[in-house]
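The structure appears right after this line, and notes come after that.
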4 protein chains.
Amino acid sequence: MCTRLYFEDSSVGDGIGYFFLPEAMNEESFKAASEFVSSTYLAQAQASRNSVSNRIQNLITQRRIPDEGWSAEAIELFIREVSLWDSNNFPSKAAIGEREGRCISPIVSNRHWGLIHGIGRSGDVSAEQPKAAGSSFLLSLTRSLVRDVIKNICGIPNLPKELVVLPIATGMGIMMGMTAVSQIHVSGGDRTMKRRNVIWSRIDQKSCIKAMTSNPYLQVHVVEQIRHADGPLVTDVTRISELISQLGTDTIHSVVVTTSTFSPRSPDDIPAVSKICKNLEIPLIVNNAYGLQCSKCCHLISESLRTGRIDLVVQSTDKNFLVPVGGSILFGPLADRVNTIYPGRASISPILDLLITLLQVGRNGLTELLQKRRENFDYLKQQLEVKLPKSKAQLLVNNNNNISLAIQLHGIVTEQLGSELFLRNVSGARVFIRHDTSKQMDPNIASLKNFGAHTSEPFVDKYLNAACAIGTTRDEIDLFIRRLIDRLGGQI
Amino acid sequence: MCTRLYFEDSSVGDGIGYFFLPEAMNEESFKAASEFVSSTYLAQAQASRNSVSNRIQNLITQRRIPDEGWSAEAIELFIREVSLWDSNNFPSKAAIGEREGRCISPIVSNRHWGLIHGIGRSGDVSAEQPKAAGSSFLLSLTRSLVRDVIKNICGIPNLPKELVVLPIATGMGIMMGMTAVSQIHVSGGDRTMKRRNVIWSRIDQKSCIKAMTSNPYLQVHVVEQIRHADGPLVTDVTRISELISQLGTDTIHSVVVTTSTFSPRSPDDIPAVSKICKNLEIPLIVNNAYGLQCSKCCHLISESLRTGRIDLVVQSTDKNFLVPVGGSILFGPLADRVNTIYPGRASISPILDLLITLLQVGRNGLTELLQKRRENFDYLKQQLEVKLPKSKAQLLVNNNNNISLAIQLHGIVTEQLGSELFLRNVSGARVFIRHDTSKQMDPNIASLKNFGAHTSEPFVDKYLNAACAIGTTRDEIDLFIRRLIDRLGGQI
Amino acid sequence: MCTRLYFEDSSVGDGIGYFFLPEAMNEESFKAASEFVSSTYLAQAQASRNSVSNRIQNLITQRRIPDEGWSAEAIELFIREVSLWDSNNFPSKAAIGEREGRCISPIVSNRHWGLIHGIGRSGDVSAEQPKAAGSSFLLSLTRSLVRDVIKNICGIPNLPKELVVLPIATGMGIMMGMTAVSQIHVSGGDRTMKRRNVIWSRIDQKSCIKAMTSNPYLQVHVVEQIRHADGPLVTDVTRISELISQLGTDTIHSVVVTTSTFSPRSPDDIPAVSKICKNLEIPLIVNNAYGLQCSKCCHLISESLRTGRIDLVVQSTDKNFLVPVGGSILFGPLADRVNTIYPGRASISPILDLLITLLQVGRNGLTELLQKRRENFDYLKQQLEVKLPKSKAQLLVNNNNNISLAIQLHGIVTEQLGSELFLRNVSGARVFIRHDTSKQMDPNIASLKNFGAHTSEPFVDKYLNAACAIGTTRDEIDLFIRRLIDRLGGQI
Amino acid sequence: MCTRLYFEDSSVGDGIGYFFLPEAMNEESFKAASEFVSSTYLAQAQASRNSVSNRIQNLITQRRIPDEGWSAEAIELFIREVSLWDSNNFPSKAAIGEREGRCISPIVSNRHWGLIHGIGRSGDVSAEQPKAAGSSFLLSLTRSLVRDVIKNICGIPNLPKELVVLPIATGMGIMMGMTAVSQIHVSGGDRTMKRRNVIWSRIDQKSCIKAMTSNPYLQVHVVEQIRHADGPLVTDVTRISELISQLGTDTIHSVVVTTSTFSPRSPDDIPAVSKICKNLEIPLIVNNAYGLQCSKCCHLISESLRTGRIDLVVQSTDKNFLVPVGGSILFGPLADRVNTIYPGRASISPILDLLITLLQVGRNGLTELLQKRRENFDYLKQQLEVKLPKSKAQLLVNNNNNISLAIQLHGIVTEQLGSELFLRNVSGARVFIRHDTSKQMDPNIASLKNFGAHTSEPFVDKYLNAACAIGTTRDEIDLFIRRLIDRLGGQI
């Protein structure tokens, strides 16, 4: 019995990919066997073996994350099987090239289950690598599972079909996206470099800035966050429009916006911006670094995909799926071009981490993690409201941001508060103190006053950010609040 | 007893780094203990424990690869200890940020020994990451060992002090180098983009081309390989000079040359080119992908560093040090700038692979591997000379290339030969057949006739490449020759 | 700072054992370090490293199972450290004997963390092995933790100080106990073998019978289980007394009783029997195979230790602590003698499994497991009462037995029911069908009629046993009941 | 395609066992696949996958150790596959018994690849365990491989078909053998215990003595080693004959002899003793602890099997096959009886260690190890002859013993020499100093004068033993000699 598999993405084979699973012991074998060995035992062994085979078969034919997570044993068995397809694991091989997946350390080989060849080939980093059919297959499978997860669990049902998982983190992912846009602009052969202007809805994060400015020929124009009435910071959509007209539509390289962000900044108003981009035929890049875990961010993207133009959405594997730092997921029409401009091969390690995690957690586990995150976010908010000593600290309301909270600080507080909390094993708390000086991040970006506040004119002078990201536990929230209050000199 | 360590590279701490080793059981403890427990046993336990501690201490204080490789146990113990320094492994922690090194899969966490935070921080990918003192330390240590290896084993004694190990493969390494050059040219604030011309000594390898052309504003000018008398292909140094004058020195972005390469191409004449670059103040990037394993390539670089100008040398970790695909080593004055333009964090996995491998192989092991490679290369050459049926295949002499050999093929041979050999488990053999058509690799590169031959006018019509890279065994060489002759219809 | 440890059991060193922990980075080191490196990071690294050191120190000084279970990383780090104390892991060793802990397979060495020497020395299997200080230490530590667990969690506060953990399963443990009793009887030099008669309160379990009859010179006398009114099967204490008088007190080798057992058999009335043994100075061996998980069984033993005589209690590590089959725990005055008659060394593997499990589960985890077991037992009982179709199956009440339940079966049922359920992935269900024939288990035991029922005259003709042991989940109970009812043709 | 397997040993199923291998991707599947995916890659993947399947199939059908050792990956894949046959790894299982292979620690489960059920069932420790078809299969396979190894590599071509591998070390193996003999003597129902006398050719090793005397009703009679002319110590065959007549043939329980032993003792003259035993119908037990590595010991056994009577030969797995302490191999007619008297289940861990090691080392590797041992033994001997300072130490010639050497010591030497050498990391060196006092090992054994010398009248007063066992390296030999001479105050 062989299993026919159709891979919708064109990167495996020539548009269509078929993979076959090893056949488990067939019915006849077991019928025959039962004449000689106590049928009970053999039937059970068959059933058990087939159950694993079936799970593997279902995984590949359905290309969806399994409902129940797999055991560690089943996962490792599966990876070991597939790794035998890579040429470095072939028997009596004669490798006579300069890169043959040789691995001399058993510790290293073992931690990668013999998957040594990495991913990609010179023409396309997501393409099938002849010497590594197994690794190529795992990459393709991971992409399929990620597609299922984003569509059906995170909540972007209209996910574009172009999607890649790359062994580079978010910053590099955005950088590759910017490069891809540059290539599009000159793809007609026009290298007059007219399109040099990047419109950027300000978010004070260095990686994003570096990603946009790696190509020094580009000029980044900052659009500050603004505030309506007593609300949080929001996108200045009007200013974006104005800036585009002002600079000339045909000089615009791209617009860059962000979803997941620190309060009091809100996710950018991507639906509005994407409509502008659609109308004016301007590429839009969305930094959705840790937004897959938040239904609000996903909804914004889904909405924009429906009504506007999005060229690329970039997100982190570690921030959204609890794997080690090192991978990113890119989707949108530009994703395929990122594949083809990626020079050479790349590590499979972050992709493997993501695949293993999805298999081990399963659909139910992942759904629960997202559900728990939302509940814990509400808990964090509610606890801060109730417990903070109002004279010293106060929650800043921002109903737009469902991941990060900002706590306004009163009295004498310095930026050291962050490291003081770190010394008490509170990590991730960031402190902003108004400074009114400008920071020149890069020669080709306007200087940023009050860096850290996402706006040059912050409406509170001192605040501290706390996030409730996927995986945060209620215990951690309690510990954080206790230690913060303790540090602020309050009563718990 | 604490151990004071000075790290010469400035990326740890602020120019000076001190690390302290855990103290093993001290003398007094053991003296006291011996009153109660049979002194023999305890003394031995102490000696054994101290031996490991001493090896760790020597490693860190001397910053050299150990003479004898370490046992798997010692290596894993060391990594596990250091991983406790990362904040995600802190006890009773309250992580309240969006990226806190959470790892949900035990399989994944275990295969990284709990090192989840990756490397780098927003300003510098090689800088100390506050949340990950352990990971930062391992990165810094790896750099030190690599420096030792390249200086003292590979044979580049005058290695520049700027060196980075990055979790991206060679192609991406070159791309980052090109970007760094661009940034230098505009660092004075001049964004007129005068320096758009890249001079490239032709090597027919797609990754390298993609790396140079990711920035579409650059224009690549090809300098074909040429031949003197009956010799192999060599660099056309004169043409490089002419081209520079012709285009105007101040329009040159960079010159890109290559060491490790397929015969009959030779390593480029880097000493000559680097002198030109020095005189004309033009950046030179050297693609030394798998050249660290070859004393000839290393000598060329060393010589050029002494007398000419080299801005960056890029090499693969997997091709030179038998680790999985995914890492590269960059050295030269530009390396530090690559660090600072790298946006965000990155995976530690390829760095860890390299560190583990160096510790496990040791200086003696690595020296022997390099020695064996050279012996096996000579053996491959000698066997091909003796065994090939002259009417069908013949070794092409190229005394410049000590890694790759070219075998001229007579009679009817098609490009399928490569895959036919692959079917016989011979991997890495590449076949060139003259085709006389041009390949347009990229809008901003001149078309390349006879792609695969490194020159538009190859002096033989059909040949096959075989390399003897580090890790190739004598058995593989014998198998290859037997299968090749068999395929060619010869007698073995 | 060194840690002084006193081991109460005499098997390490000569009655007193001192072990010393490696010193973590001391205060001064860190103070000095903070002048050079950002103090925040180093302080955290110190705190984290010390936390692990402290947990290890607490473990060893307090000799109690930790409240919270340890992480896998901490456990493996600890074992790897200690394995360095074994001579096979010494550096530059010259092993010139016939047994030197050489291990050639890296897979094997790794799965034992380099602990190759096993446990024991020729004189005593629990004694310190000079070549393996590390392994010896781990054995001694495991014993201490097991002692803590049995005393303070299982509920035998008056646990005798003699306790061993052996890499043999329960059956072999009982056999060694019987041998130890034999040795006691002849220890005065009297080898007339007068004491040949073993009094055995019948339990129909082959291993126990084989354990008692390995020495063919012994004669086993069966005391059948009896029934009072409508109650379950209980010990015939009167018959035990009579049999002893009848055979002559000074001919009795030992009495063997059992706690954990299949319903409708009850745990033996050990308090009554132990009093007889005390009065008549007869050794009593208690088969407590899976009784540590049941507070009732533990209470019976505790009570008997207080008021009667118990020479040895034998229990399984796997049945009570969820480790692989292969280990047993023996306590009571005879335990030390078992140590000394054990010929040669033995595997450390089952001891390691137990140690790792206790560290990973922790006191809280183990307490919860026991609590859950009791709740799930009640749930199983209640569900069977409610759901079983009374015309086909009915729960037999036995308030003495808190692990196993018996379900009386009506209508046509054969012994195949067990394997039919097994085919539906229900394992562990045993079916008894009255047969009225005798089974001669061994030449030196009286024949056993209706083997399987623990009595020659079972009061129901057909029943099925189901147990709720530690680790059984509610899901399993539901599945079992559904499948059983389905098989019996009932409605669920 | 299924593979039919016949297992000659009766312990699997009822005399005949069939196992079926999972089918790899079949021909048709791949033919179909090649229409869609580049055939080259899929064909290679198929070939590679099939190669592993074929190796597994060959292993099982041929029941011989593979010529070339397997990779770690292949071994782990194989074990993981088979572990799926055990009921604890069944999907949606409802385990309702008291022992169901539950394993709560992932570390523990993983290090046993999910093989939790151990081996054996109540009736027979080597019999198929219904709940653990996979574990049972691995045990049976291990037995087959061990049989192949002993027959065809160690050199006992006439190996009896009864052979077991048990998770108990040599001492316990001998004890079980003694018990089995006792059972034979009473198997007719005669429990008069006439056969109480054990004849023992003295070897001064405590485990052996404890193994013989665990049953205190037995009486051990010592036959001292003697010396002919200037030769080494040899068996006093005449005394054995005399003792038997003297005590009465029908009072003899068994004769116990030893092959592998410390020089100047020689392997016992088993051919002569086994002839006596054959003639007089007396059971003979051979302690061949580390004799499988020595062709001389194996030859003695083979010869005796041909011409005399041997009931059981006991050997260590760790001493002969470089695995951790904890297993033994028993063969001879009595082996099956040992299986049946073993009470209950046992650990699979030592069996797994042996299986993995045999698969990883392979026939060629094992042959080389044995060959190396012999060469290194000759080297050790030759180096000691050449290098020892004759005034201080001198090799004692013993051409009968090819594993152990004795070095006569002159001048002032104490028994401390052993631990002094241990402090210099020389382990395994034993020192004998004449003491002329008697040691009462056990109430039922005559006292042993000059314990350690294997004779009450040693012909030299002081000597030191060094062995060259399997796995000893030339480096270790050199280190040992250097340190010994250094300690003796000599010049090296």
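Chain labels A, B, ... are given in the sequence in which chains occur in the structure tokens; within each chain residues are numbered consecutively from 1, and ligands are likewise numbered from 1 in the order shown.
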
*Could you list the residues in chain A lying within 6 Å of chain B, using only C-alpha atoms, and format the result as JSON, numbers by chain?*
{"A": [93, 94, 95, 96, 97, 98, 99, 102, 103, 104, 105, 108, 111, 116, 117, 118, 122, 169, 171, 172, 183, 206, 207, 210, 211, 216, 319, 322, 323, 324, 325, 326, 343, 344, 346, 347, 353, 357, 425, 426, 427, 428, 429, 466, 467, 469, 476, 479, 480]}

_So that I can check the surroundings of range 405-407 of chain B, please list as a list in words every protein, DNA and RNA residue that reaches within 8 Å of it, counting only C-alpha atoms and ignoring chain neighbours fewer than 2 positions away._
Phe262, Ser263, Pro264, Lys381, Ala393, Gln394, Leu395, Leu396, Val397, Asn398, Asn401, Asn402, Ile403, Leu409, Tyr463, Leu464, Asn465, Ala466 and Ala467 of chain B

*Just how far from CA of Asp486 in chain D is CA of Ile433 in chain D, in Å to one decimal?*
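These two atoms are separated by 20.3 Å.
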
_DSSP alpha helix (DSSP H) selection over range 337-403 of chain D, as a ChimeraX atom specification_ = /D:337-341,349-387

*asked:* Just want the 8 Å neighbourhood of Leu300 in chain D, counted on only C-alpha atoms, with same-chain residues fewer than 3 positions away dropped. Output as number ranges by chain.
replied: D: 269-271, 296-297, 303-304

*Two-atom distance - CA of Ile301 in chain D, CA of Ile153 in chain D (Å)*: 14.4 Å

*Can you work out the spacing between CA of Val165 in chain C and CA of Thr317 in chain C in Å, to one decimal?*
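A separation of 8.5 Å between them.
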
*DSSP on the backbone: what in range 418-470 of chain D comes out strand (DSSP E or B), as an NGL selection string?*
:D and (426-427 or 430-433 or 438-439 or 445 or 448-449 or 462-467)

Selected residues written out with all heavy atoms, as a short mmCIF file (atom, residue, chain, number, x, y, z; two decimals), in the first residue's frame:
```cif
data_model
loop_
_atom_site.label_atom_id
_atom_site.label_comp_id
_atom_site.auth_asym_id
_atom_site.auth_seq_id
_atom_site.Cartn_x
_atom_site.Cartn_y
_atom_site.Cartn_z
N VAL D 426 46.60 3.42 37.95
CA VAL D 426 46.74 2.05 37.46
C VAL D 426 45.69 1.23 38.19
O VAL D 426 45.78 1.03 39.40
CB VAL D 426 48.14 1.47 37.72
CG1 VAL D 426 48.18 -0.01 37.36
CG2 VAL D 426 49.19 2.25 36.95
N SER D 427 44.66 0.80 37.48
CA SER D 427 43.64 0.00 38.15
C SER D 427 43.74 -1.45 37.70
O SER D 427 44.19 -1.74 36.60
CB SER D 427 42.25 0.57 37.87
OG SER D 427 41.91 0.39 36.53
N ARG D 430 46.73 -6.50 41.06
CA ARG D 430 46.52 -7.10 42.39
C ARG D 430 47.83 -7.61 42.93
O ARG D 430 48.61 -8.24 42.22
CB ARG D 430 45.57 -8.28 42.29
CG ARG D 430 44.27 -7.89 41.67
CD ARG D 430 43.28 -9.02 41.73
NE ARG D 430 42.13 -8.62 40.93
CZ ARG D 430 40.94 -9.12 41.05
NH1 ARG D 430 40.71 -10.08 41.95
NH2 ARG D 430 39.95 -8.71 40.30
N VAL D 431 48.01 -7.40 44.22
CA VAL D 431 49.26 -7.80 44.85
C VAL D 431 49.00 -8.94 45.82
O VAL D 431 48.06 -8.88 46.62
CB VAL D 431 49.88 -6.60 45.60
CG1 VAL D 431 51.13 -7.04 46.35
CG2 VAL D 431 50.18 -5.48 44.62
N PHE D 432 49.78 -10.00 45.75
CA PHE D 432 49.71 -11.07 46.74
C PHE D 432 50.96 -11.07 47.60
O PHE D 432 52.08 -11.02 47.08
CB PHE D 432 49.56 -12.44 46.07
CG PHE D 432 49.70 -13.56 47.06
CD1 PHE D 432 48.67 -13.89 47.93
CD2 PHE D 432 50.91 -14.26 47.18
CE1 PHE D 432 48.81 -14.89 48.87
CE2 PHE D 432 51.06 -15.27 48.14
CZ PHE D 432 50.00 -15.59 48.98
N ILE D 433 50.75 -11.10 48.91
CA ILE D 433 51.86 -11.25 49.86
C ILE D 433 51.56 -12.47 50.72
O ILE D 433 50.48 -12.55 51.30
CB ILE D 433 51.98 -10.01 50.78
CG1 ILE D 433 52.00 -8.70 49.97
CG2 ILE D 433 53.19 -10.13 51.69
CD1 ILE D 433 53.30 -8.36 49.31
N SER D 438 44.87 -18.59 57.86
CA SER D 438 43.73 -19.19 57.18
C SER D 438 42.54 -18.25 57.21
O SER D 438 42.38 -17.47 58.14
CB SER D 438 43.34 -20.50 57.85
OG SER D 438 44.26 -21.50 57.48
N LYS D 439 41.74 -18.34 56.19
CA LYS D 439 40.54 -17.51 56.11
C LYS D 439 39.35 -18.44 56.06
O LYS D 439 39.28 -19.33 55.20
CB LYS D 439 40.61 -16.68 54.82
CG LYS D 439 39.76 -15.44 54.86
CD LYS D 439 40.27 -14.43 53.84
CE LYS D 439 39.68 -13.06 54.07
NZ LYS D 439 40.34 -12.05 53.25
N ILE D 445 32.59 -24.27 54.17
CA ILE D 445 33.74 -24.45 53.30
C ILE D 445 34.95 -24.57 54.20
O ILE D 445 35.04 -23.90 55.23
CB ILE D 445 33.89 -23.27 52.32
CG1 ILE D 445 34.79 -23.68 51.16
CG2 ILE D 445 34.45 -22.04 53.00
CD1 ILE D 445 34.77 -22.70 50.03
N LEU D 448 40.68 -21.47 54.06
CA LEU D 448 41.62 -21.30 52.95
C LEU D 448 42.86 -20.56 53.44
O LEU D 448 42.82 -19.37 53.73
CB LEU D 448 40.95 -20.52 51.82
CG LEU D 448 39.68 -21.17 51.25
CD1 LEU D 448 38.98 -20.21 50.30
CD2 LEU D 448 40.01 -22.48 50.55
N LYS D 449 43.99 -21.28 53.49
CA LYS D 449 45.24 -20.66 53.93
C LYS D 449 45.84 -19.88 52.76
O LYS D 449 45.71 -20.30 51.61
CB LYS D 449 46.20 -21.78 54.38
CG LYS D 449 47.40 -21.30 55.17
CD LYS D 449 48.20 -22.47 55.70
CE LYS D 449 49.68 -22.12 55.82
NZ LYS D 449 50.49 -23.33 56.02
N LYS D 462 55.75 -13.21 47.06
CA LYS D 462 55.13 -11.92 46.70
C LYS D 462 55.03 -11.82 45.20
O LYS D 462 56.03 -12.06 44.50
CB LYS D 462 56.01 -10.76 47.20
CG LYS D 462 56.02 -10.61 48.69
CD LYS D 462 57.00 -9.53 49.13
CE LYS D 462 58.40 -10.13 49.31
NZ LYS D 462 59.40 -9.21 49.83
N TYR D 463 53.88 -11.49 44.75
CA TYR D 463 53.77 -11.22 43.32
C TYR D 463 52.61 -10.28 43.02
O TYR D 463 51.78 -10.01 43.90
CB TYR D 463 53.66 -12.50 42.50
CG TYR D 463 52.42 -13.33 42.73
CD1 TYR D 463 51.24 -13.06 42.06
CD2 TYR D 463 52.44 -14.43 43.59
CE1 TYR D 463 50.09 -13.83 42.25
CE2 TYR D 463 51.31 -15.20 43.79
CZ TYR D 463 50.14 -14.89 43.13
OH TYR D 463 49.02 -15.65 43.33
N LEU D 464 52.61 -9.80 41.82
CA LEU D 464 51.60 -8.85 41.37
C LEU D 464 51.03 -9.37 40.06
O LEU D 464 51.75 -9.92 39.23
CB LEU D 464 52.28 -7.50 41.16
CG LEU D 464 51.51 -6.34 40.53
CD1 LEU D 464 52.03 -5.04 41.15
CD2 LEU D 464 51.68 -6.27 39.03
N ASN D 465 49.70 -9.25 39.92
CA ASN D 465 49.05 -9.71 38.69
C ASN D 465 48.72 -8.54 37.77
O ASN D 465 48.29 -7.49 38.23
CB ASN D 465 47.73 -10.42 39.01
CG ASN D 465 47.95 -11.86 39.41
OD1 ASN D 465 47.50 -12.30 40.47
ND2 ASN D 465 48.66 -12.61 38.58
N ALA D 466 48.92 -8.78 36.50
CA ALA D 466 48.46 -7.84 35.49
C ALA D 466 47.82 -8.66 34.38
O ALA D 466 48.33 -9.72 34.02
CB ALA D 466 49.62 -7.02 34.94
N ALA D 467 46.72 -8.18 33.90
CA ALA D 467 46.03 -8.92 32.85
C ALA D 467 45.98 -8.07 31.58
O ALA D 467 46.02 -6.85 31.63
CB ALA D 467 44.61 -9.26 33.29
#
```

*Write out as a VMD selection string each polymer residue whose atoms come within 9 Å of Ser302 in chain C, counting only C-alpha atoms; drop sequence neighbours fewer than 6 positions from it.*
chain C and resid 155 to 159 271

Just the selected residues (C-alpha atoms), exported as a PDB file, in the first residue's frame, please.
```pdb
ATOM      1  CA  GLY C 155       3.493   5.841  55.399  1.00  0.00           C
ATOM      2  CA  ILE C 156       5.763   3.432  57.260  1.00  0.00           C
ATOM      3  CA  PRO C 157       7.225   5.858  59.812  1.00  0.00           C
ATOM      4  CA  ASN C 158       8.827   3.055  61.813  1.00  0.00           C
ATOM      5  CA  LEU C 159      10.766   1.749  58.809  1.00  0.00           C
ATOM      6  CA  PRO C 271      -0.311  -8.022  62.332  1.00  0.00           C
TER       7      PRO C 271
END
```
